[in-house]
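J.: Data file entry39.cif (mmCIF, C-alpha atoms) is appended below.
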```cif
data_start
#
loop_
_atom_site.label_atom_id
_atom_site.label_comp_id
_atom_site.auth_asym_id
_atom_site.auth_seq_id
_atom_site.Cartn_x
_atom_site.Cartn_y
_atom_site.Cartn_z
CA MET A 22 -115.60 88.97 41.37
CA GLU A 23 -112.81 88.60 43.90
CA GLY A 24 -110.95 85.61 45.26
CA VAL A 25 -109.50 82.41 43.93
CA PRO A 26 -111.65 80.66 41.31
CA VAL A 27 -112.20 76.96 42.00
CA ALA A 28 -114.40 74.41 40.25
CA VAL A 29 -116.46 72.07 42.42
CA LEU A 30 -115.70 68.53 41.31
CA GLY A 31 -117.75 66.71 43.88
CA HIS A 32 -119.38 66.63 47.29
CA ASP A 33 -119.84 63.61 49.56
CA ASP A 34 -121.02 62.99 53.10
CA VAL A 35 -118.93 60.18 54.53
CA LEU A 36 -119.67 58.20 57.68
CA ILE A 37 -116.39 57.17 59.28
CA ASP A 38 -116.33 53.69 60.75
CA ASN A 39 -112.83 52.65 61.68
CA SER A 40 -113.62 50.88 64.92
CA LEU A 41 -112.25 47.58 63.63
CA THR A 42 -109.15 48.96 61.92
CA THR A 43 -107.45 51.33 64.35
CA THR A 44 -106.59 51.87 67.98
CA ASP A 45 -104.87 55.17 67.24
CA PRO A 46 -106.72 57.71 69.45
CA PHE A 47 -106.52 60.37 66.72
CA TRP A 48 -108.47 58.26 64.24
CA ALA A 49 -110.66 56.67 66.91
CA LYS A 50 -112.17 60.03 67.86
CA PHE A 51 -113.56 60.36 64.33
CA ASN A 52 -115.34 57.04 64.64
CA ASN A 53 -119.08 57.18 63.84
CA LYS A 54 -118.75 60.83 62.77
CA THR A 55 -120.06 62.06 59.45
CA ILE A 56 -117.77 64.37 57.57
CA SER A 57 -118.66 66.40 54.51
CA ILE A 58 -115.99 66.29 51.81
CA VAL A 59 -115.85 68.92 49.08
CA TYR A 60 -113.54 68.30 46.13
CA LEU A 61 -112.28 71.49 44.48
CA PHE A 62 -110.11 72.16 41.45
CA HIS A 63 -107.90 75.23 41.28
CA GLY A 64 -106.96 75.69 37.64
CA VAL A 65 -104.47 77.86 35.68
CA MET B 15 -79.79 103.83 38.44
CA THR B 16 -81.14 100.65 40.07
CA ASP B 17 -81.18 97.53 37.93
CA GLY B 18 -83.86 94.80 37.98
CA ALA B 19 -81.85 92.33 40.05
CA GLU B 20 -81.23 94.91 42.76
CA LEU B 21 -84.93 95.75 42.85
CA TYR B 22 -85.87 92.08 43.06
CA ASN B 23 -83.41 91.42 45.88
CA SER B 24 -84.61 94.43 47.86
CA GLU B 25 -85.76 93.75 51.43
CA TYR B 26 -89.00 95.55 50.52
CA ASN B 27 -89.89 93.39 47.50
CA LEU B 28 -92.97 91.28 48.36
CA TRP B 29 -92.34 89.01 45.34
CA ASN B 30 -88.96 88.04 46.75
CA PRO B 31 -89.64 85.04 49.05
CA ASN B 32 -86.48 85.81 51.02
CA SER B 33 -87.18 89.50 51.66
CA LYS B 34 -87.87 90.85 55.13
CA ALA B 35 -91.12 92.35 53.81
CA CYS B 36 -92.33 88.90 52.73
CA PHE B 37 -91.28 87.36 56.07
CA ILE B 38 -93.02 89.95 58.24
CA VAL B 39 -96.29 90.05 56.26
CA LEU B 40 -96.68 86.26 56.29
CA TRP B 41 -95.58 86.04 59.94
CA LEU B 42 -98.25 88.60 60.92
CA TYR B 43 -100.79 86.61 58.93
CA SER B 44 -99.97 83.43 60.85
CA ILE B 45 -99.85 84.65 64.46
CA GLU B 46 -102.48 84.89 67.20
CA PRO B 47 -104.52 87.00 67.87
CA PRO B 48 -105.90 86.06 64.50
CA LEU B 49 -105.29 88.95 62.13
CA TYR B 50 -106.00 86.44 59.34
CA TYR B 51 -109.54 85.94 60.73
CA PHE B 52 -110.46 89.64 60.62
CA PHE B 53 -108.75 90.02 57.25
CA ASN B 54 -110.66 87.09 55.73
CA GLU B 55 -113.94 88.12 57.32
CA ALA B 56 -113.55 91.62 55.84
CA CYS B 57 -112.83 90.10 52.41
CA ARG B 58 -115.79 87.71 52.65
CA LEU B 59 -118.24 90.42 53.75
CA ARG B 60 -116.55 93.08 51.58
CA ASN B 61 -116.46 95.30 54.65
CA LYS B 62 -115.13 98.63 53.43
CA ALA B 63 -115.19 100.12 56.95
CA VAL B 64 -111.93 98.33 57.82
CA LEU B 65 -110.27 99.17 54.50
CA PRO B 66 -107.96 101.91 55.91
CA LEU B 67 -106.83 99.51 58.64
CA LEU B 68 -106.53 96.19 56.82
CA GLY B 69 -106.44 97.23 53.16
CA PRO B 70 -102.65 97.74 52.90
CA PHE B 71 -102.04 94.44 54.68
CA ALA B 72 -104.49 92.67 52.34
CA ALA B 73 -102.75 94.21 49.32
CA ALA B 74 -99.36 93.02 50.62
CA VAL B 75 -100.68 89.47 51.17
CA GLY B 76 -102.22 89.57 47.69
CA ALA B 77 -98.89 90.56 46.13
CA ILE B 78 -97.07 87.74 47.92
CA LEU B 79 -99.68 85.16 46.89
CA SER B 80 -99.53 86.29 43.28
CA GLY B 81 -95.82 85.89 42.74
CA ALA B 82 -93.45 85.15 45.63
CA GLU B 83 -93.69 81.35 45.33
CA PHE B 84 -92.00 81.38 41.92
CA GLY B 85 -88.88 82.99 43.27
CA ARG B 86 -88.26 80.05 45.61
CA ALA B 87 -85.49 77.64 44.79
CA ASP B 88 -87.66 74.74 45.99
CA THR B 89 -90.88 75.79 44.26
CA ILE B 90 -93.14 72.97 43.06
CA LYS B 91 -92.31 72.43 39.41
CA ARG B 92 -95.23 73.54 37.26
CA GLY B 93 -96.76 71.41 34.49
CA LEU B 94 -95.60 73.72 31.68
CA ASP B 95 -91.98 72.92 32.55
CA GLN B 96 -92.55 69.14 32.35
CA PRO B 97 -93.52 68.63 28.69
CA ASP B 98 -92.31 65.00 28.62
CA SER B 99 -94.17 63.86 31.72
CA PRO B 100 -96.52 60.87 31.27
CA LEU B 101 -99.03 62.85 33.38
CA GLY B 102 -99.43 65.39 30.56
CA CYS B 103 -100.96 68.70 31.61
CA MET B 104 -101.45 67.35 35.17
CA ALA B 105 -97.70 66.90 35.71
CA GLY B 106 -97.44 69.84 38.13
CA ALA B 107 -100.66 69.08 40.04
CA PHE B 108 -100.73 68.47 43.79
CA LEU B 109 -103.35 68.07 46.52
CA LEU B 110 -104.09 70.36 49.47
CA PHE B 111 -106.47 69.81 52.37
CA ARG B 112 -108.46 72.17 54.54
CA GLY B 113 -110.60 71.09 57.45
CA SER B 114 -113.20 73.32 59.06
CA LEU B 115 -116.58 73.40 60.72
CA MET B 116 -119.03 74.92 58.27
CA PRO B 117 -122.69 75.99 58.56
CA PRO B 118 -124.88 73.67 56.43
CA HIS B 119 -125.96 76.46 54.06
CA SER B 120 -122.33 77.12 53.10
CA ILE B 121 -121.85 73.47 52.19
CA ALA B 122 -125.04 73.62 50.13
CA LYS B 123 -123.58 76.48 48.06
CA PHE B 124 -120.66 74.28 47.05
CA ALA B 125 -122.92 71.29 46.41
CA LEU B 126 -125.10 73.40 44.09
CA MET B 127 -122.06 74.28 41.97
CA LYS B 128 -121.02 70.66 41.52
CA GLY B 129 -120.49 69.72 37.90
CA ARG B 130 -122.00 72.91 36.51
CA PRO B 131 -120.55 73.99 33.17
CA LEU B 132 -119.14 77.49 32.73
CA PHE B 133 -121.67 78.18 29.96
CA GLU B 134 -124.76 76.85 31.69
CA GLN B 135 -127.21 79.25 30.11
CA THR B 136 -127.37 78.33 26.43
CA MET B 137 -129.52 78.95 23.37
CA THR B 138 -129.53 77.78 19.77
CA ASP B 139 -129.96 80.30 16.94
CA PRO B 140 -132.02 79.59 13.76
CA GLN B 141 -128.85 78.47 11.99
CA GLY B 142 -128.31 75.77 14.60
CA ASN B 143 -125.32 77.47 16.29
CA GLN B 144 -125.14 77.21 20.07
CA TRP B 145 -124.52 80.28 22.19
CA GLY B 146 -123.87 80.51 25.91
CA LYS B 147 -123.38 82.97 28.75
CA ASP B 148 -120.42 82.70 31.08
CA LEU B 149 -121.99 81.54 34.35
CA CYS B 150 -119.30 83.07 36.53
CA ARG B 151 -119.55 86.56 35.02
CA ASP B 152 -123.33 86.65 35.04
CA GLU B 153 -123.91 87.64 38.66
CA ASP B 154 -124.03 91.33 37.78
CA ASN B 155 -125.64 90.69 34.37
CA THR B 156 -122.54 91.71 32.44
CA ALA B 157 -122.11 88.46 30.54
CA LYS B 158 -122.63 88.53 26.78
CA TRP B 159 -123.71 85.66 24.56
CA GLU B 160 -120.70 83.84 23.12
CA GLU B 161 -120.75 81.28 20.33
CA LEU B 162 -119.90 77.92 21.85
CA THR B 163 -117.12 75.77 20.47
CA PRO B 164 -116.74 72.08 21.52
CA GLU B 165 -113.90 73.21 23.83
CA LYS B 166 -115.98 75.96 25.45
CA LYS B 167 -118.83 73.50 26.10
CA MET B 168 -116.50 71.39 28.23
CA LEU B 169 -115.29 74.24 30.49
CA ALA B 170 -116.25 73.90 34.14
CA GLY B 171 -118.04 76.60 36.11
CA PHE B 172 -116.29 77.87 39.21
CA VAL B 173 -116.89 79.60 42.52
CA TYR B 174 -114.68 82.23 44.08
CA LEU B 175 -113.05 81.67 47.46
CA PRO B 176 -112.78 85.16 48.95
CA GLY B 177 -109.81 86.32 50.99
CA ALA B 178 -106.83 84.05 51.56
CA GLN B 179 -107.40 80.39 52.40
CA SER B 180 -104.93 78.47 54.54
CA THR B 181 -104.56 74.85 53.53
CA SER B 182 -102.34 71.97 54.51
CA VAL B 183 -100.48 69.28 52.59
CA SER B 184 -101.25 66.94 55.48
CA PHE B 185 -104.62 65.20 55.43
CA LYS B 186 -104.27 64.50 59.15
CA VAL B 187 -103.52 68.11 60.12
CA ALA B 188 -106.51 69.32 58.07
CA LEU B 189 -108.81 66.76 59.64
CA GLU B 190 -107.96 68.00 63.13
CA PHE B 191 -109.48 71.38 62.26
CA ALA B 192 -112.71 69.62 61.25
CA PHE B 193 -113.19 67.84 64.56
CA PRO B 194 -116.50 68.89 66.12
CA THR B 195 -116.52 70.46 69.60
CA LYS B 196 -119.29 71.33 72.02
CA ASP B 197 -119.10 75.02 71.04
CA THR B 198 -119.77 74.40 67.37
CA GLN B 199 -122.99 72.46 67.39
CA GLY B 200 -124.96 72.78 64.19
CA HIS B 201 -121.84 73.16 62.13
CA VAL B 202 -120.79 70.35 59.83
CA PRO B 203 -117.27 68.87 59.98
CA THR B 204 -115.98 69.55 56.48
CA LEU B 205 -112.87 68.56 54.62
CA PHE B 206 -111.97 70.48 51.48
CA VAL B 207 -109.75 68.57 49.07
CA VAL B 208 -108.18 70.97 46.59
CA CYS B 209 -106.42 69.80 43.45
CA CYS B 210 -104.03 72.56 42.35
CA HIS B 211 -103.49 72.21 38.62
CA ASN B 212 -100.24 74.23 38.73
CA TYR B 213 -99.84 74.19 34.96
CA LEU B 214 -98.85 77.84 34.54
CA LYS B 215 -98.78 78.82 38.23
CA PHE B 216 -100.83 78.56 41.38
CA SER B 217 -102.08 81.47 43.46
CA GLY B 218 -100.47 80.79 46.79
CA PHE B 219 -97.38 80.58 48.94
CA ARG B 220 -96.13 77.63 51.00
CA MET B 221 -95.66 78.85 54.58
CA ASP B 222 -93.56 75.84 55.53
CA SER B 223 -90.62 77.59 57.12
CA ALA B 224 -90.24 79.33 60.47
CA LEU B 225 -89.26 82.48 58.55
CA HIS B 226 -92.68 82.66 56.92
CA SER B 227 -95.02 81.33 59.60
CA ALA B 228 -95.48 80.92 63.32
CA HIS B 229 -96.91 77.46 62.60
CA PRO B 230 -94.78 76.01 59.77
CA TYR B 231 -95.71 72.43 60.73
CA GLU B 232 -99.37 73.08 59.78
#
```
As a first step, turn the structure in this file into structure tokens.
T.:
Amino acid sequence: MEGVPVAVLGHDDVLIDNSLTTTDPFWAKFNNKTISIVYLFHGV
Amino acid sequence: MTDGAELYNSEYNLWNPNSKACFIVLWLYSIEPPLYYFFNEACRLRNKAVLPLLGPFAAAVGAILSGAEFGRADTIKRGLDQPDSPLGCMAGAFLLFRGSLMPPHSIAKFALMKGRPLFEQTMTDPQGNQWGKDLCRDEDNTAKWEELTPEKKMLAGFVYLPGAQSTSVSFKVALEFAFPTKDTQGHVPTLFVVCCHNYLKFSGFRMDSALHSAHPYE
């Protein structure tokens, strides 16, 4: 086995709805997008 | 006769974060055209055809990632060196982020590994002792049955990330790489959140200076 070992702590699909909380164009472009979040743990 | 300090301070020492060898290898890794892409693709596919071309470079990157960070004056203090911290063994831990557009089947591989113990395959002998096989060594059927202790039962299974992964300390910078475009339809915007335990060490190098990267702000 090669590479960095990481444990998978969790996985979520998150729908971003920030239409009421931001006017920042950076965050606004993520509005109504679903993003998959993978939580990893790199031990040692 | 050359002493250890002279060897360590050599411009050719990849474990010395201030050596020219370390600077040039990491700089080449960070520039466009993307040498890092071909290097990581070769690692992921285990493409031996490019070994004569990229192998020495991969070995040099591997050496830097295995030890150069600990020679830095500003290295992130590891947990072992903070015995009195209220955070206990997590005292040296920090978060990293990586955004990318991933094919759905790759995400599914990670999702399948969620919460799996290291010794997933278990059996109980007639005496009532529990035995298990190390999940992560069992791909080539080399794992042997080991008697399970309460500590071993709690160990988490893990996946291997091949090649070298670039990550960012900035959530915002990482998220930008996950933004979907017209050319990447069918791929899922994905954010990897990596907790680095950093108790004894972490396998990596912070490319946060212009000496080590063409994009230190990332």
J.: Using only C-alpha atoms, I'd like every residue of chain B that has an atom within 7 Å of chain A; please write them out as a PyMOL selection string.
T.: chain B and resi 124-125+127-129+170-177+202-216
J.: Take the point (-99.2, 78.8, 47.4) in the file's coordinates, draw a sphere of radius 10 Å around it, and report as a PDB file with C-alpha atoms, in the frame of the given file every protein, DNA or RNA residue with an atom inside or on it, counting all atoms listed in the file.
T.:
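Produced file out00.pdb, reproduced below:
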```
ATOM      1  CA  ILE B  78     -97.070  87.740  47.920  1.00  0.00           C
ATOM      2  CA  LEU B  79     -99.680  85.160  46.890  1.00  0.00           C
ATOM      3  CA  SER B  80     -99.530  86.290  43.280  1.00  0.00           C
ATOM      4  CA  GLY B  81     -95.820  85.890  42.740  1.00  0.00           C
ATOM      5  CA  ALA B  82     -93.450  85.150  45.630  1.00  0.00           C
ATOM      6  CA  GLU B  83     -93.690  81.350  45.330  1.00  0.00           C
ATOM      7  CA  PHE B  84     -92.000  81.380  41.920  1.00  0.00           C
ATOM      8  CA  THR B  89     -90.880  75.790  44.260  1.00  0.00           C
ATOM      9  CA  ILE B  90     -93.140  72.970  43.060  1.00  0.00           C
ATOM     10  CA  LEU B 110    -104.090  70.360  49.470  1.00  0.00           C
ATOM     11  CA  GLN B 179    -107.400  80.390  52.400  1.00  0.00           C
ATOM     12  CA  SER B 180    -104.930  78.470  54.540  1.00  0.00           C
ATOM     13  CA  THR B 181    -104.560  74.850  53.530  1.00  0.00           C
ATOM     14  CA  CYS B 210    -104.030  72.560  42.350  1.00  0.00           C
ATOM     15  CA  ASN B 212    -100.240  74.230  38.730  1.00  0.00           C
ATOM     16  CA  LYS B 215     -98.780  78.820  38.230  1.00  0.00           C
ATOM     17  CA  PHE B 216    -100.830  78.560  41.380  1.00  0.00           C
ATOM     18  CA  SER B 217    -102.080  81.470  43.460  1.00  0.00           C
ATOM     19  CA  GLY B 218    -100.470  80.790  46.790  1.00  0.00           C
ATOM     20  CA  PHE B 219     -97.380  80.580  48.940  1.00  0.00           C
ATOM     21  CA  ARG B 220     -96.130  77.630  51.000  1.00  0.00           C
ATOM     22  CA  MET B 221     -95.660  78.850  54.580  1.00  0.00           C
TER      23      MET B 221
END
```
J.: Provide the CA of Trp41 in chain B to CA of His226 in chain B distance in Å, to one decimal place.
T.: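 Answer for the CA of Trp41 in chain B to CA of His226 in chain B separation: 5.4 Å.
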J.: Tell me which residues the PyMOL selection byres ((chain B and resi 163) around 12) grabs here, as a PyMOL selection string.
T.: chain B and resi 133+143-146+160-162+164-169
J.: Skip Val183 in chain B itself and residues of its chain fewer than 4 positions away, then list as a PyMOL selection string all residues within 9 Å of it, counting only C-alpha atoms.
T.: chain B and resi 108-112+187-188+232
J.: Expand the PyMOL selection byres ((chain B and resi 106) around 6) into the explicit residue set it covers here, and present it as JSON, numbers by chain.
T.: {"B": [91, 92, 93, 104, 105, 107, 212, 213]}
J.: Generate the output file for the selected residues, C-alpha atoms, as a short mmCIF file (atom, residue, chain, number, x, y, z; two decimals), in the coordinates of the input.
T.:
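The result, written out as again-v4.cif:
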```cif
data_model
loop_
_atom_site.label_atom_id
_atom_site.label_comp_id
_atom_site.auth_asym_id
_atom_site.auth_seq_id
_atom_site.Cartn_x
_atom_site.Cartn_y
_atom_site.Cartn_z
CA LYS B 91 -92.31 72.43 39.41
CA ARG B 92 -95.23 73.54 37.26
CA GLY B 93 -96.76 71.41 34.49
CA MET B 104 -101.45 67.35 35.17
CA ALA B 105 -97.70 66.90 35.71
CA ALA B 107 -100.66 69.08 40.04
CA ASN B 212 -100.24 74.23 38.73
CA TYR B 213 -99.84 74.19 34.96
#
```
J.: In Å, how far is it from CA of Trp159 in chain B to CA of Thr136 in chain B?
T.: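 So the answer is 8.4 Å.
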J.: So which residues touch Leu225 in chain B within 9 Å, counting all atoms listed in the file, skipping near sequence neighbours fewer than 2 positions away, as a list of chain:residue names?
T.: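 These residues fall inside the cut-off: B:Asn32, B:Phe37, B:Ile38, B:Leu40, B:Trp41, B:Met221, B:Asp222, B:Ser223, B:Ser227, B:Ala228, B:Pro230.
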J.: Quick one: which residues end up in the PyMOL selection byres ((chain A and resi 39) around 10) for this structure, as a list in words?
T.: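 Taken on the displayed file, the PyMOL selection byres ((chain A and resi 39) around 10) yields the residues Leu36, Ile37, Asp38, Ser40, Leu41, Thr42, Thr43, Thr44, Trp48, Ala49, Lys50, Phe51, Asn52 and Asn53 of chain A.
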J.: Add whatever atoms are absent from range 165-187 of chain B to reach N, CA and C atoms, and provide the output as a short mmCIF file (atom, residue, chain, number, x, y, z; two decimals), keeping the file's coordinate frame.
T.:
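Resulting contents of selection08.cif:
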```
data_model
loop_
_atom_site.label_atom_id
_atom_site.label_comp_id
_atom_site.auth_asym_id
_atom_site.auth_seq_id
_atom_site.Cartn_x
_atom_site.Cartn_y
_atom_site.Cartn_z
N GLU B 165 -114.78 73.01 22.67
CA GLU B 165 -113.90 73.21 23.83
C GLU B 165 -114.60 74.04 24.91
N LYS B 166 -115.30 75.09 24.47
CA LYS B 166 -115.98 75.96 25.45
C LYS B 166 -117.08 75.20 26.18
N LYS B 167 -117.73 74.25 25.47
CA LYS B 167 -118.83 73.50 26.10
C LYS B 167 -118.33 72.63 27.25
N MET B 168 -117.04 72.29 27.20
CA MET B 168 -116.50 71.39 28.23
C MET B 168 -115.95 72.14 29.45
N LEU B 169 -115.88 73.48 29.37
CA LEU B 169 -115.29 74.24 30.49
C LEU B 169 -116.17 74.16 31.73
N ALA B 170 -115.52 74.02 32.88
CA ALA B 170 -116.25 73.90 34.14
C ALA B 170 -116.56 75.27 34.72
N GLY B 171 -117.71 75.39 35.37
CA GLY B 171 -118.04 76.60 36.11
C GLY B 171 -117.24 76.64 37.40
N PHE B 172 -117.08 77.82 37.98
CA PHE B 172 -116.29 77.87 39.21
C PHE B 172 -116.89 78.85 40.21
N VAL B 173 -116.49 78.67 41.47
CA VAL B 173 -116.89 79.60 42.52
C VAL B 173 -115.63 80.33 42.96
N TYR B 174 -115.82 81.46 43.59
CA TYR B 174 -114.68 82.23 44.08
C TYR B 174 -114.54 82.05 45.59
N LEU B 175 -113.33 81.73 46.03
CA LEU B 175 -113.05 81.67 47.46
C LEU B 175 -112.50 83.03 47.85
N PRO B 176 -113.25 83.81 48.63
CA PRO B 176 -112.78 85.16 48.95
C PRO B 176 -111.66 85.14 49.98
N GLY B 177 -110.89 86.21 50.00
CA GLY B 177 -109.81 86.32 50.99
C GLY B 177 -108.69 85.34 50.69
N ALA B 178 -107.93 85.00 51.71
CA ALA B 178 -106.83 84.05 51.56
C ALA B 178 -107.17 82.79 52.35
N GLN B 179 -107.06 81.65 51.74
CA GLN B 179 -107.40 80.39 52.40
C GLN B 179 -106.13 79.68 52.82
N SER B 180 -106.06 79.27 54.08
CA SER B 180 -104.93 78.47 54.54
C SER B 180 -105.28 77.00 54.32
N THR B 181 -104.35 76.27 53.74
CA THR B 181 -104.56 74.85 53.53
C THR B 181 -103.34 74.10 54.02
N SER B 182 -103.44 72.78 54.02
CA SER B 182 -102.34 71.97 54.51
C SER B 182 -102.05 70.86 53.53
N VAL B 183 -100.80 70.44 53.44
CA VAL B 183 -100.48 69.28 52.59
C VAL B 183 -100.80 68.00 53.35
N SER B 184 -100.99 68.12 54.66
CA SER B 184 -101.25 66.94 55.48
C SER B 184 -102.75 66.74 55.68
N PHE B 185 -103.22 65.58 55.25
CA PHE B 185 -104.62 65.20 55.43
C PHE B 185 -104.96 65.17 56.92
N LYS B 186 -104.04 64.66 57.72
CA LYS B 186 -104.27 64.50 59.15
C LYS B 186 -104.38 65.86 59.86
N VAL B 187 -103.48 66.77 59.53
CA VAL B 187 -103.52 68.11 60.12
C VAL B 187 -104.84 68.81 59.77
#
```
